[in-house]
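The file upload-v2.cif contains mmCIF, C-alpha atoms:
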```
data_target
loop_
_atom_site.label_atom_id
_atom_site.label_comp_id
_atom_site.auth_asym_id
_atom_site.auth_seq_id
_atom_site.Cartn_x
_atom_site.Cartn_y
_atom_site.Cartn_z
CA LEU A 1 -35.76 -90.93 -21.00
CA GLN A 2 -36.72 -93.24 -18.16
CA TYR A 3 -39.05 -92.58 -15.25
CA MET A 4 -40.26 -94.13 -12.02
CA SER A 5 -43.98 -94.08 -11.28
CA GLY A 6 -46.05 -93.17 -8.25
CA PHE A 7 -47.19 -89.96 -6.56
CA GLY A 8 -45.30 -89.14 -3.34
CA ASN A 9 -43.54 -92.52 -3.29
CA GLU A 10 -40.23 -93.22 -1.58
CA HIS A 11 -38.00 -93.55 -4.63
CA VAL A 12 -34.41 -94.77 -4.91
CA SER A 13 -32.28 -93.99 -7.96
CA GLU A 14 -28.62 -94.01 -8.99
CA ASP A 15 -26.95 -93.30 -12.30
CA PRO A 16 -26.00 -96.68 -13.82
CA ARG A 17 -22.54 -95.31 -14.59
CA CYS A 18 -21.83 -95.47 -10.83
CA PRO A 19 -23.41 -98.64 -9.41
CA GLY A 20 -23.55 -98.69 -5.63
CA ALA A 21 -23.46 -94.90 -5.32
CA LEU A 22 -26.25 -94.94 -2.73
CA PRO A 23 -24.96 -95.59 0.80
CA GLU A 24 -26.35 -98.76 2.35
CA GLY A 25 -28.23 -98.64 5.62
CA GLN A 26 -27.70 -94.97 6.43
CA ASN A 27 -28.02 -91.48 4.93
CA ASN A 28 -24.73 -89.73 5.68
CA PRO A 29 -21.82 -92.09 6.24
CA GLN A 30 -18.43 -90.76 7.22
CA VAL A 31 -17.27 -91.36 3.65
CA CYS A 32 -19.80 -91.73 0.84
CA PRO A 33 -19.25 -94.13 -2.09
CA TYR A 34 -17.18 -92.67 -4.96
CA GLY A 35 -16.15 -89.78 -2.69
CA LEU A 36 -19.54 -88.08 -3.05
CA TYR A 37 -21.05 -85.50 -0.72
CA ALA A 38 -24.34 -86.22 1.09
CA GLU A 39 -26.86 -83.38 1.04
CA GLN A 40 -30.46 -83.37 2.27
CA LEU A 41 -33.20 -81.33 0.56
CA SER A 42 -36.13 -80.79 2.94
CA GLY A 43 -39.56 -79.84 1.63
CA SER A 44 -41.22 -79.80 5.04
CA ALA A 45 -40.38 -79.14 8.66
CA PHE A 46 -38.45 -81.99 10.30
CA THR A 47 -41.28 -82.46 12.80
CA CYS A 48 -44.16 -82.74 10.30
CA PRO A 49 -46.29 -85.89 10.64
CA ARG A 50 -44.92 -88.81 8.66
CA SER A 51 -47.77 -88.53 6.12
CA THR A 52 -46.73 -84.97 5.19
CA ASN A 53 -42.98 -85.17 5.75
CA LYS A 54 -41.03 -84.52 2.55
CA ARG A 55 -37.29 -84.88 2.08
CA SER A 56 -34.72 -86.41 -0.24
CA TRP A 57 -31.04 -87.22 0.16
CA LEU A 58 -28.77 -86.28 -2.76
CA TYR A 59 -25.28 -87.71 -3.33
CA ARG A 60 -23.36 -85.25 -5.42
CA ILE A 61 -19.89 -84.53 -6.73
CA LEU A 62 -19.78 -81.11 -5.00
CA PRO A 63 -22.39 -79.73 -2.57
CA SER A 64 -24.66 -76.90 -3.65
CA VAL A 65 -23.10 -74.58 -1.08
CA CYS A 66 -20.08 -74.04 -3.35
CA HIS A 67 -20.96 -70.76 -5.04
CA LYS A 68 -20.10 -67.06 -4.93
CA PRO A 69 -22.48 -64.68 -3.07
CA PHE A 70 -25.89 -64.00 -4.56
CA LYS A 71 -26.44 -60.61 -6.18
CA PRO A 72 -29.71 -59.01 -7.35
CA LEU A 73 -30.82 -59.86 -10.88
CA GLU A 74 -33.22 -57.88 -13.03
CA GLU A 75 -36.68 -59.45 -12.61
CA GLY A 76 -38.22 -58.19 -15.85
CA HIS A 77 -41.97 -58.81 -15.61
CA LEU A 78 -41.79 -61.20 -12.65
CA THR A 79 -43.42 -59.68 -9.56
CA HIS A 80 -45.44 -60.21 -6.41
CA ASN A 81 -46.48 -56.56 -6.15
CA TRP A 82 -50.27 -56.76 -6.30
CA ASP A 83 -50.77 -52.99 -5.92
CA GLU A 84 -49.30 -51.83 -9.24
CA VAL A 85 -52.75 -50.97 -10.62
CA GLU A 86 -56.23 -50.53 -9.19
CA PRO A 87 -58.32 -53.69 -8.63
CA ASP A 88 -60.51 -54.72 -11.56
CA PRO A 89 -63.60 -56.88 -10.83
CA ASN A 90 -64.56 -57.24 -14.50
CA GLN A 91 -64.57 -60.45 -16.47
CA LEU A 92 -61.14 -60.49 -18.11
CA ARG A 93 -59.93 -62.38 -21.15
CA TRP A 94 -56.57 -62.33 -22.90
CA LYS A 95 -55.75 -63.11 -26.50
CA PRO A 96 -52.89 -65.62 -27.02
CA PHE A 97 -49.72 -64.21 -25.50
CA GLU A 98 -47.16 -63.31 -28.14
CA ILE A 99 -43.86 -65.19 -28.28
CA PRO A 100 -40.85 -63.06 -29.25
CA LYS A 101 -39.05 -63.98 -32.43
CA ALA A 102 -35.49 -65.27 -32.33
CA PRO A 103 -32.73 -64.36 -33.02
CA GLN A 104 -33.79 -60.69 -32.85
CA ASN A 105 -35.00 -61.09 -29.28
CA LYS A 106 -33.64 -64.21 -27.61
CA MET A 107 -35.58 -65.11 -24.48
CA ASP A 108 -35.11 -68.17 -22.30
CA PHE A 109 -37.45 -69.59 -19.66
CA VAL A 110 -36.33 -67.22 -16.87
CA ASN A 111 -36.36 -64.09 -19.06
CA GLY A 112 -39.76 -65.19 -20.35
CA LEU A 113 -41.55 -65.30 -16.98
CA HIS A 114 -44.40 -62.77 -16.88
CA THR A 115 -46.61 -62.52 -13.81
CA LEU A 116 -50.27 -62.13 -14.75
CA CYS A 117 -52.07 -62.17 -11.39
CA GLY A 118 -51.81 -63.38 -7.82
CA ALA A 119 -52.41 -62.74 -4.13
CA GLY A 120 -50.62 -63.21 -0.84
CA GLU A 121 -46.98 -62.79 0.03
CA PRO A 122 -44.07 -65.24 -0.16
CA ARG A 123 -42.50 -64.05 3.11
CA GLY A 124 -45.71 -64.92 4.94
CA ARG A 125 -45.77 -68.33 3.20
CA ASN A 126 -49.35 -67.96 2.02
CA GLY A 127 -50.40 -67.07 -1.49
CA ILE A 128 -50.29 -67.90 -5.17
CA ALA A 129 -49.14 -66.35 -8.43
CA VAL A 130 -50.06 -67.10 -12.03
CA HIS A 131 -47.29 -66.61 -14.57
CA ILE A 132 -47.12 -66.86 -18.35
CA PHE A 133 -43.85 -68.10 -19.84
CA ILE A 134 -42.90 -67.23 -23.41
CA CYS A 135 -39.47 -68.19 -24.73
CA ASN A 136 -37.57 -69.10 -27.86
CA THR A 137 -34.15 -70.23 -26.66
CA SER A 138 -32.75 -72.69 -24.12
CA MET A 139 -31.17 -71.82 -20.79
CA LEU A 140 -27.40 -72.01 -21.27
CA ASN A 141 -25.13 -72.54 -18.26
CA ARG A 142 -27.76 -71.30 -15.88
CA CYS A 143 -30.47 -72.82 -13.71
CA LEU A 144 -33.31 -71.60 -11.51
CA TYR A 145 -34.65 -72.61 -8.14
CA ASN A 146 -37.66 -71.21 -6.33
CA SER A 147 -37.28 -70.45 -2.63
CA ASP A 148 -40.84 -69.11 -2.46
CA GLY A 149 -42.87 -72.17 -3.40
CA ASP A 150 -43.78 -74.81 -5.98
CA PHE A 151 -44.13 -74.31 -9.75
CA LEU A 152 -46.88 -76.24 -11.57
CA ILE A 153 -45.90 -75.85 -15.24
CA VAL A 154 -48.45 -76.27 -18.05
CA PRO A 155 -46.80 -76.15 -21.52
CA GLN A 156 -49.17 -75.03 -24.28
CA GLN A 157 -46.86 -74.76 -27.29
CA GLY A 158 -43.51 -76.49 -27.65
CA LYS A 159 -41.75 -79.21 -25.67
CA LEU A 160 -39.73 -78.58 -22.52
CA LEU A 161 -36.69 -80.71 -21.79
CA ILE A 162 -36.20 -80.02 -18.10
CA THR A 163 -32.96 -81.02 -16.41
CA THR A 164 -33.22 -81.23 -12.63
CA GLU A 165 -30.96 -82.38 -9.82
CA PHE A 166 -32.98 -85.61 -9.84
CA GLY A 167 -32.72 -86.28 -13.58
CA LYS A 168 -34.34 -85.23 -16.85
CA MET A 169 -38.01 -84.89 -17.85
CA LEU A 170 -39.49 -84.22 -21.29
CA VAL A 171 -42.76 -82.33 -20.80
CA GLU A 172 -45.01 -81.81 -23.83
CA PRO A 173 -48.31 -79.97 -24.32
CA ASN A 174 -51.12 -81.97 -22.67
CA GLU A 175 -48.69 -82.88 -19.88
CA ILE A 176 -47.86 -80.96 -16.72
CA CYS A 177 -44.92 -81.03 -14.36
CA VAL A 178 -44.32 -79.82 -10.83
CA ILE A 179 -40.94 -78.47 -9.72
CA GLN A 180 -41.15 -78.26 -5.96
CA GLU A 181 -39.62 -75.59 -3.76
CA GLY A 182 -35.82 -75.45 -3.76
CA MET A 183 -35.20 -77.82 -6.69
CA ARG A 184 -32.72 -76.54 -9.26
CA PHE A 185 -33.73 -76.94 -12.88
CA SER A 186 -32.86 -75.75 -16.37
CA VAL A 187 -35.17 -75.67 -19.40
CA GLU A 188 -34.24 -76.55 -22.97
CA VAL A 189 -36.70 -75.61 -25.73
CA PHE A 190 -36.90 -76.42 -29.43
CA GLY A 191 -38.41 -73.28 -30.91
CA GLU A 192 -41.13 -70.85 -29.95
CA THR A 193 -42.54 -72.04 -26.63
CA ARG A 194 -45.39 -70.86 -24.42
CA GLY A 195 -47.29 -71.99 -21.34
CA TYR A 196 -48.74 -71.25 -17.94
CA ILE A 197 -47.42 -71.58 -14.37
CA LEU A 198 -49.31 -71.82 -11.09
CA GLU A 199 -47.03 -70.94 -8.18
CA VAL A 200 -48.10 -71.68 -4.61
CA TYR A 201 -46.42 -70.28 -1.50
CA GLY A 202 -46.36 -72.27 1.72
CA ALA A 203 -48.07 -75.47 0.52
CA HIS A 204 -47.30 -78.43 -1.71
CA PHE A 205 -49.57 -79.98 -4.31
CA GLU A 206 -51.26 -83.24 -3.39
CA LEU A 207 -53.92 -85.53 -4.77
CA PRO A 208 -57.45 -84.54 -3.75
CA ASP A 209 -59.38 -86.77 -1.37
CA LEU A 210 -61.87 -88.95 -3.23
CA GLY A 211 -64.62 -89.21 -0.60
CA PRO A 212 -67.75 -90.95 -1.94
CA ILE A 213 -66.06 -91.54 -5.30
CA GLY A 214 -64.20 -94.38 -3.59
CA ALA A 215 -60.69 -95.73 -3.98
CA ASN A 216 -60.26 -95.10 -7.71
CA GLY A 217 -60.73 -92.21 -10.10
CA LEU A 218 -59.48 -88.79 -11.19
CA ALA A 219 -55.64 -88.72 -11.38
CA ASN A 220 -54.31 -92.14 -10.41
CA PRO A 221 -51.07 -92.10 -8.36
CA ARG A 222 -49.31 -94.62 -10.62
CA ASP A 223 -49.53 -92.25 -13.62
CA PHE A 224 -47.25 -89.64 -12.06
CA LEU A 225 -43.69 -89.99 -13.32
CA VAL A 226 -40.43 -89.13 -11.54
CA PRO A 227 -37.05 -88.82 -13.34
CA VAL A 228 -34.20 -91.23 -12.72
CA ALA A 229 -30.77 -90.12 -11.53
CA TRP A 230 -28.49 -88.59 -14.15
CA TYR A 231 -25.37 -86.55 -13.54
CA GLU A 232 -22.87 -84.46 -15.43
CA ASP A 233 -19.36 -83.88 -14.05
CA ARG A 234 -18.84 -80.66 -16.00
CA GLN A 235 -16.59 -77.74 -15.20
CA VAL A 236 -17.72 -74.31 -16.43
CA PRO A 237 -14.64 -72.04 -16.33
CA GLY A 238 -16.66 -69.10 -17.68
CA GLY A 239 -19.11 -69.41 -14.80
CA TYR A 240 -22.36 -71.24 -14.25
CA THR A 241 -25.21 -69.00 -13.03
CA VAL A 242 -27.54 -70.24 -10.30
CA ILE A 243 -30.67 -68.07 -10.10
CA SER A 244 -32.74 -67.97 -6.92
CA LYS A 245 -36.30 -66.69 -6.78
CA TYR A 246 -36.37 -65.41 -3.21
CA GLN A 247 -39.09 -63.26 -1.61
CA GLY A 248 -40.47 -62.55 -5.06
CA LYS A 249 -37.20 -61.25 -6.49
CA LEU A 250 -34.40 -62.83 -8.51
CA PHE A 251 -30.80 -63.23 -7.39
CA ALA A 252 -27.84 -64.76 -9.23
CA ALA A 253 -24.72 -66.54 -7.96
CA GLN A 254 -21.76 -67.82 -9.93
CA GLN A 255 -20.06 -71.19 -9.63
CA ASP A 256 -17.60 -73.03 -11.85
CA PHE A 257 -19.40 -76.39 -12.20
CA SER A 258 -22.76 -77.78 -13.25
CA PRO A 259 -25.31 -78.11 -10.41
CA PHE A 260 -26.67 -81.26 -12.05
CA ASN A 261 -23.95 -83.38 -10.46
CA VAL A 262 -26.18 -85.69 -8.40
CA VAL A 263 -25.01 -89.27 -8.96
CA ALA A 264 -27.67 -90.90 -6.76
CA TRP A 265 -30.61 -89.93 -4.60
CA HIS A 266 -33.42 -91.35 -2.51
CA GLY A 267 -36.53 -89.85 -0.91
CA ASN A 268 -40.09 -88.69 -1.51
CA TYR A 269 -39.44 -85.02 -2.34
CA THR A 270 -38.99 -84.97 -6.12
CA PRO A 271 -40.03 -83.24 -9.32
CA TYR A 272 -42.69 -85.10 -11.27
CA LYS A 273 -44.80 -84.98 -14.40
CA TYR A 274 -48.28 -86.19 -15.35
CA PRO A 275 -49.95 -86.84 -18.76
CA LEU A 276 -53.40 -85.26 -18.73
CA GLU A 277 -54.92 -87.89 -21.04
CA LYS A 278 -54.55 -90.40 -18.17
CA PHE A 279 -57.18 -88.56 -16.08
CA MET A 280 -60.16 -90.79 -15.20
CA VAL A 281 -63.18 -88.53 -15.72
CA ILE A 282 -66.16 -88.67 -13.36
CA ASN A 283 -69.42 -87.19 -14.68
CA ALA A 284 -73.18 -86.95 -14.15
CA VAL A 285 -75.11 -89.79 -15.85
CA ALA A 286 -78.71 -88.82 -14.97
CA PHE A 287 -79.41 -85.08 -14.83
CA ASP A 288 -77.83 -81.75 -13.85
CA HIS A 289 -74.15 -81.00 -13.30
CA ALA A 290 -71.78 -82.37 -10.74
CA ASP A 291 -69.59 -79.58 -9.36
CA PRO A 292 -66.38 -78.92 -11.34
CA SER A 293 -64.37 -80.15 -8.36
CA ILE A 294 -64.77 -83.62 -9.93
CA PHE A 295 -62.14 -82.52 -12.46
CA THR A 296 -59.44 -81.69 -9.87
CA VAL A 297 -56.03 -83.15 -10.74
CA LEU A 298 -53.99 -81.63 -7.89
CA THR A 299 -54.79 -79.44 -4.91
CA ALA A 300 -52.75 -77.26 -2.58
CA LYS A 301 -54.69 -77.11 0.67
CA SER A 302 -55.18 -74.03 2.81
CA THR A 303 -55.35 -74.10 6.60
CA ARG A 304 -59.17 -74.20 6.38
CA PRO A 305 -60.55 -77.75 5.96
CA GLY A 306 -62.09 -78.29 2.54
CA VAL A 307 -60.87 -74.96 1.14
CA ALA A 308 -58.02 -74.96 -1.37
CA LEU A 309 -55.27 -72.41 -1.56
CA ALA A 310 -55.25 -73.50 -5.20
CA ASP A 311 -56.71 -76.33 -7.29
CA PHE A 312 -55.54 -77.46 -10.71
CA VAL A 313 -58.64 -78.54 -12.65
CA ILE A 314 -58.95 -79.82 -16.23
CA PHE A 315 -61.87 -80.21 -18.65
CA PRO A 316 -60.89 -83.21 -20.80
CA PRO A 317 -62.79 -85.03 -23.57
CA ARG A 318 -65.73 -86.97 -22.13
CA TRP A 319 -69.30 -88.10 -22.75
CA GLY A 320 -72.27 -85.86 -21.98
CA VAL A 321 -75.45 -87.85 -21.29
CA ALA A 322 -77.45 -85.81 -18.74
CA ASN A 323 -81.21 -85.76 -19.45
CA ASN A 324 -83.36 -82.62 -19.36
CA THR A 325 -80.20 -80.61 -18.63
CA PHE A 326 -78.50 -77.53 -20.00
CA ARG A 327 -75.20 -79.28 -20.60
CA PRO A 328 -72.59 -76.51 -20.97
CA PRO A 329 -71.32 -74.80 -17.81
CA TYR A 330 -74.12 -72.89 -16.10
CA TYR A 331 -74.13 -69.21 -15.16
CA HIS A 332 -72.28 -68.79 -11.94
CA ARG A 333 -70.93 -66.50 -9.23
CA ASN A 334 -68.28 -67.97 -7.00
CA CYS A 335 -66.47 -67.31 -3.72
CA MET A 336 -63.34 -68.63 -5.48
CA SER A 337 -61.21 -66.97 -8.19
CA GLU A 338 -61.16 -68.82 -11.51
CA PHE A 339 -58.25 -68.45 -13.95
CA MET A 340 -58.65 -70.47 -17.13
CA GLY A 341 -56.27 -71.39 -19.92
CA LEU A 342 -56.61 -73.41 -23.11
CA ILE A 343 -53.96 -75.87 -24.26
CA LYS A 344 -55.69 -76.95 -27.47
CA GLY A 345 -59.05 -77.05 -29.22
CA HIS A 346 -62.18 -74.97 -28.59
CA TYR A 347 -63.66 -74.53 -25.13
CA GLU A 348 -67.31 -75.63 -25.16
CA ALA A 349 -68.77 -72.53 -23.46
CA LYS A 350 -66.92 -69.97 -25.63
CA GLU A 351 -65.86 -71.45 -28.95
CA GLU A 352 -64.76 -68.21 -30.61
CA GLY A 353 -62.92 -65.73 -28.39
CA PHE A 354 -61.19 -68.09 -25.96
CA GLN A 355 -58.11 -69.31 -27.85
CA PRO A 356 -55.18 -71.68 -27.17
CA GLY A 357 -52.39 -69.73 -25.51
CA GLY A 358 -54.83 -67.15 -24.15
CA ALA A 359 -56.53 -66.97 -20.76
CA SER A 360 -59.45 -65.63 -18.77
CA LEU A 361 -59.99 -64.54 -15.17
CA HIS A 362 -63.36 -64.50 -13.43
CA SER A 363 -62.68 -62.95 -10.08
CA MET A 364 -64.37 -63.60 -6.78
CA MET A 365 -68.17 -63.15 -7.10
CA THR A 366 -67.87 -61.83 -10.68
CA PRO A 367 -70.65 -63.48 -12.75
CA HIS A 368 -69.68 -65.62 -15.72
CA GLY A 369 -70.99 -68.39 -17.94
CA PRO A 370 -71.58 -69.41 -21.57
CA ASP A 371 -71.79 -66.78 -24.26
CA ALA A 372 -75.06 -66.00 -26.04
CA ASP A 373 -74.40 -68.28 -29.01
CA CYS A 374 -73.59 -71.24 -26.77
CA PHE A 375 -76.72 -70.64 -24.67
CA GLU A 376 -79.05 -70.57 -27.67
CA LYS A 377 -77.57 -73.68 -29.27
CA ALA A 378 -77.54 -75.71 -26.06
CA SER A 379 -81.09 -74.67 -25.13
CA LYS A 380 -82.43 -76.07 -28.40
CA ALA A 381 -80.10 -79.06 -28.86
CA LYS A 382 -81.46 -82.58 -29.11
CA LEU A 383 -80.38 -84.34 -25.92
CA GLU A 384 -78.62 -87.51 -26.87
CA PRO A 385 -75.26 -88.97 -25.79
CA GLU A 386 -72.50 -86.80 -27.25
CA ARG A 387 -68.78 -86.40 -27.02
CA VAL A 388 -67.86 -83.20 -25.21
CA ALA A 389 -64.58 -81.33 -25.68
CA GLU A 390 -63.23 -83.78 -28.25
CA GLY A 391 -59.74 -82.62 -29.28
CA THR A 392 -59.76 -80.01 -26.53
CA MET A 393 -57.96 -79.49 -23.23
CA ALA A 394 -58.92 -76.52 -21.10
CA PHE A 395 -57.81 -76.09 -17.50
CA MET A 396 -58.48 -73.90 -14.49
CA PHE A 397 -56.37 -72.58 -11.64
CA GLU A 398 -58.96 -72.03 -8.90
CA SER A 399 -58.08 -70.26 -5.66
CA SER A 400 -59.78 -69.17 -2.46
CA LEU A 401 -57.72 -65.96 -2.65
CA SER A 402 -58.92 -62.78 -4.35
CA LEU A 403 -56.47 -62.33 -7.22
CA ALA A 404 -55.02 -58.99 -8.30
CA VAL A 405 -53.92 -58.49 -11.91
CA THR A 406 -50.51 -57.01 -12.64
CA LYS A 407 -49.75 -53.97 -14.74
CA TRP A 408 -48.25 -56.30 -17.35
CA GLY A 409 -51.51 -58.25 -17.49
CA LEU A 410 -53.78 -55.22 -17.79
CA GLN A 411 -51.62 -52.89 -19.85
CA THR A 412 -48.07 -53.80 -20.91
CA SER A 413 -48.83 -57.15 -22.53
CA ASN A 414 -51.35 -55.48 -24.85
CA ARG A 415 -53.25 -58.79 -25.04
CA LEU A 416 -56.31 -57.91 -22.95
CA ASP A 417 -59.52 -58.43 -24.93
CA LYS A 418 -61.44 -55.26 -24.07
CA SER A 419 -64.52 -56.46 -25.93
CA TYR A 420 -64.94 -59.63 -23.84
CA TYR A 421 -68.09 -58.35 -22.13
CA LYS A 422 -69.84 -58.14 -25.49
CA CYS A 423 -70.16 -61.93 -25.77
CA TRP A 424 -73.04 -61.75 -23.26
CA GLU A 425 -74.78 -58.66 -24.70
CA PRO A 426 -76.90 -60.63 -27.21
CA LEU A 427 -78.53 -62.59 -24.36
CA LYS A 428 -82.24 -61.74 -24.36
CA SER A 429 -85.15 -62.35 -22.07
CA HIS A 430 -87.27 -65.42 -22.80
CA PHE A 431 -89.60 -64.72 -19.89
CA ASN A 432 -93.31 -65.29 -20.55
CA PRO A 433 -95.58 -65.18 -17.46
CA LYS A 434 -98.34 -66.93 -19.42
CA CYS A 435 -96.22 -69.92 -20.40
CA LYS A 436 -94.96 -72.27 -17.68
#
```
Structure rendered as structure tokens:
Amino acid sequence: LQYMSGFGNEHVSEDPRCPGALPEGQNNPQVCPYGLYAEQLSGSAFTCPRSTNKRSWLYRILPSVCHKPFKPLEEGHLTHNWDEVEPDPNQLRWKPFEIPKAPQNKMDFVNGLHTLCGAGEPRGRNGIAVHIFICNTSMLNRCLYNSDGDFLIVPQQGKLLITTEFGKMLVEPNEICVIQEGMRFSVEVFGETRGYILEVYGAHFELPDLGPIGANGLANPRDFLVPVAWYEDRQVPGGYTVISKYQGKLFAAQQDFSPFNVVAWHGNYTPYKYPLEKFMVINAVAFDHADPSIFTVLTAKSTRPGVALADFVIFPPRWGVANNTFRPPYYHRNCMSEFMGLIKGHYEAKEEGFQPGGASLHSMMTPHGPDADCFEKASKAKLEPERVAEGTMAFMFESSLSLAVTKWGLQTSNRLDKSYYKCWEPLKSHFNPKCK
């Protein structure tokens, strides 16, 4: 597979089987090369400032409007109903989510979407949702597009071969991809597959501002990869199913051809992927902790300056060198909601109960921090330069919204670790008023 590099760039691509498929000097000529149809995909209002205006022009064999009417489709465990169960302010942790076995229970990417928590409402264009995907079979003659917002996909087990209208991407664990609002895609898997999704309504992901860090650091724009044009001119007499996620529900429409019939395209509104090992880590080199915002890969901004609707944060391998410092994450209460997942390895603050393929949620103002074992070890450790999180990749979806957990998350999944609170029970008082 080939890619073009650069975050938010104006890209130009055409399938080499049809050289000259892109019109020259204009977007929608009276007759397009090769008899193609011109179609614009807009990711922002026409009147947005140039710096935030997102659109791409697609040149396709048939336009996407050629389909039968949409009809409701069973959503399964996909939801945006945040009132299914009573709110729960407790520290929550989930064991690794179970992947169904094939062929007894075949489940593709769409069937395997399970909403864990979220807040807001897609019709109001403000909110987020966190989904778990578990699947064991590829999508066959069907695709999905999200009318509600963007999907940030974090595979944890198994590769995803994602076909989009813009081309193909192979996304492996320790990589992420973003499928932006309205983009049609289909997912091929190669066995039991699992991962996490952060969905944002009403905003797009962007690179965080660097401020005093300067011009370089964190996720560098050149490391983001965009697929190159690839098309299939394929008729599907039995019917190709186009699934729309619209206002939190699923709808399906039938058509008799593949939607991946884009021969050429140009624009800055594209799907993209990013390898997490490329992240340039910033860290404290004297004492104390810098705030975890230094690990932000992507952010979706809210309407309040400096406050994120959602941040995607990672905790990659790095050096710890801070002097006279308790080096693991400190005890904390936060005005943000923190959802964490683990792609691989052992998270430094909780090496036992927090497992790859599992998750945790520390809600707004709910206290959290290292377990008792971690605290005791780190308090007595010899402070010398050490590698932190070697062989590990943990991440966090952080949001300014107060997240509600779904019934599936609290009950149906049967993966909630009800003994999570016990990891702090062994903490004991070391207070001695006679010893400074």
Using 12 Å as the limit and counting all atoms listed in the file, can you tabulate each residue of range 313-341 of chain A that touches range 148-160 of chain A, with its shortest atom-to-atom distance in Å and the two atoms involved, as a Markdown table?
```
| residue | atom | partner | partner_atom | distance |
| --- | --- | --- | --- | --- |
| A:Val313 | CA | A:Val154 | CA | 11.8 |
| A:Ile314 | CA | A:Val154 | CA | 11.2 |
| A:Met340 | CA | A:Val154 | CA | 11.8 |
| A:Gly341 | CA | A:Gln156 | CA | 9.1 |
```
Check the smallest atom-to-atom distance from each of A:Ala286, A:Arg60, A:Pro173, A:Arg125 to Cys32 in chain A using all atoms listed in the file, then report the winner.
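Under the stated criterion, the closest residue is A:Arg60.
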Would you translate the PyMOL selection byres ((chain A and resi 419) around 12) into the concrete set of residues it matches in this file, as a list in words?
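With the PyMOL selection byres ((chain A and resi 419) around 12) on this model, the match is Asn90, Gln91, Leu92, Arg93, Trp94, Lys95, Gly353, Arg415, Leu416, Asp417, Lys418, Tyr420, Tyr421, Lys422, Cys423, Trp424 and Glu425 of chain A.
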Give me the range 171-268 of chain A side of the contact with range 392-409 of chain A, cut-off 12 Å, one line per residue showing its nearest atom pair and distance in Å at one decimal, counting only C-alpha atoms, sorted by chain and residue number, as a tab-separated table.
```
residue	atom	partner	partner_atom	distance
A:Pro173	CA	A:Met393	CA	9.7
A:Asn174	CA	A:Met393	CA	7.3
A:Glu175	CA	A:Met393	CA	10.4
A:Ile176	CA	A:Phe395	CA	11.1
A:Gly195	CA	A:Phe395	CA	11.9
A:Tyr196	CA	A:Phe397	CA	10.0
A:Ile197	CA	A:Phe397	CA	9.4
A:Leu198	CA	A:Phe397	CA	7.1
A:Glu199	CA	A:Phe397	CA	10.1
A:Val200	CA	A:Ser399	CA	10.1
```
Selection: 6 Å around Val242 in chain A, all atoms listed in the file, excl. self and same-chain fewer than 2 positions, as JSON, numbers by chain:
{"A": [142, 143, 252, 253]}
With C-alpha atoms kept, could you save the residues just selected as a PDB file, in the frame of the given file?
```pdb
ATOM      1  CA  ARG A 142     -27.760 -71.300 -15.880  1.00  0.00           C
ATOM      2  CA  CYS A 143     -30.470 -72.820 -13.710  1.00  0.00           C
ATOM      3  CA  ALA A 252     -27.840 -64.760  -9.230  1.00  0.00           C
ATOM      4  CA  ALA A 253     -24.720 -66.540  -7.960  1.00  0.00           C
TER       5      ALA A 253
END
```
Tell me which protein, DNA and RNA residues are within 8 Å of range 316-322 of chain A, counting all atoms listed in the file, leaving out same-chain ones fewer than 3 positions away, and put them as a VMD selection string.
chain A and resid 277 281 283 to 289 325 327 383 to 394
Which of these residues is nearest to Gly182 in chain A, using only C-alpha atoms: A:Gln30, A:Asn220, A:Asn261, A:Ser64?
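Under the stated criterion, the closest residue is A:Ser64.
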Quick one: residues within 10 Å of Gly238 in chain A, all atoms listed in the file counted, chain neighbours fewer than 3 positions away excluded, as an MDAnalysis selection string?
chainID A and resid 141 235 241 254:257
Go through A:Leu1, A:Cys177, A:Leu161, A:Ile61 one by one, measure the shortest atom-to-atom distance of each to Cys18 in chain A using only C-alpha atoms, and give the residue with the smallest value.
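Among the listed residues, the smallest separation from Cys18 in chain A belongs to A:Ile61.
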Option closest in space to Asn323 in chain A, from A:Leu276, A:Lys382, A:Lys344, A:Pro356 [counting all atoms listed in the file]:
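Closest residue, counting all atoms listed in the file: A:Lys382.
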Quick check on the file I pasted: which residues fall under the PyMOL selection byres ((chain A and resi 193) around 6)? Write them as a PyMOL selection string.
chain A and resi 134-136+157-158+192+194
CA of Tyr201 in chain A to CA of Glu121 in chain A: how many Å, to one decimal?
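Pair CA of Tyr201 in chain A / CA of Glu121 in chain A returns 7.7 Å.
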Would you please take range 203-214 of chain A of the structure in the block above and write C-alpha atoms to a file as a short mmCIF file (atom, residue, chain, number, x, y, z; two decimals), in the first residue's frame?
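Below is the file selection18.cif, written as the result:
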```
data_model
loop_
_atom_site.label_atom_id
_atom_site.label_comp_id
_atom_site.auth_asym_id
_atom_site.auth_seq_id
_atom_site.Cartn_x
_atom_site.Cartn_y
_atom_site.Cartn_z
CA ALA A 203 -15.74 18.97 15.70
CA HIS A 204 -12.79 17.54 13.80
CA PHE A 205 -9.51 16.34 15.24
CA GLU A 206 -6.52 18.63 14.84
CA LEU A 207 -2.96 18.86 16.07
CA PRO A 208 -2.63 20.61 19.44
CA ASP A 209 -0.95 24.00 19.60
CA LEU A 210 2.64 23.71 20.80
CA GLY A 211 2.99 27.02 22.65
CA PRO A 212 6.29 27.29 24.56
CA ILE A 213 7.39 23.88 23.25
CA GLY A 214 8.17 25.66 19.98
#
```
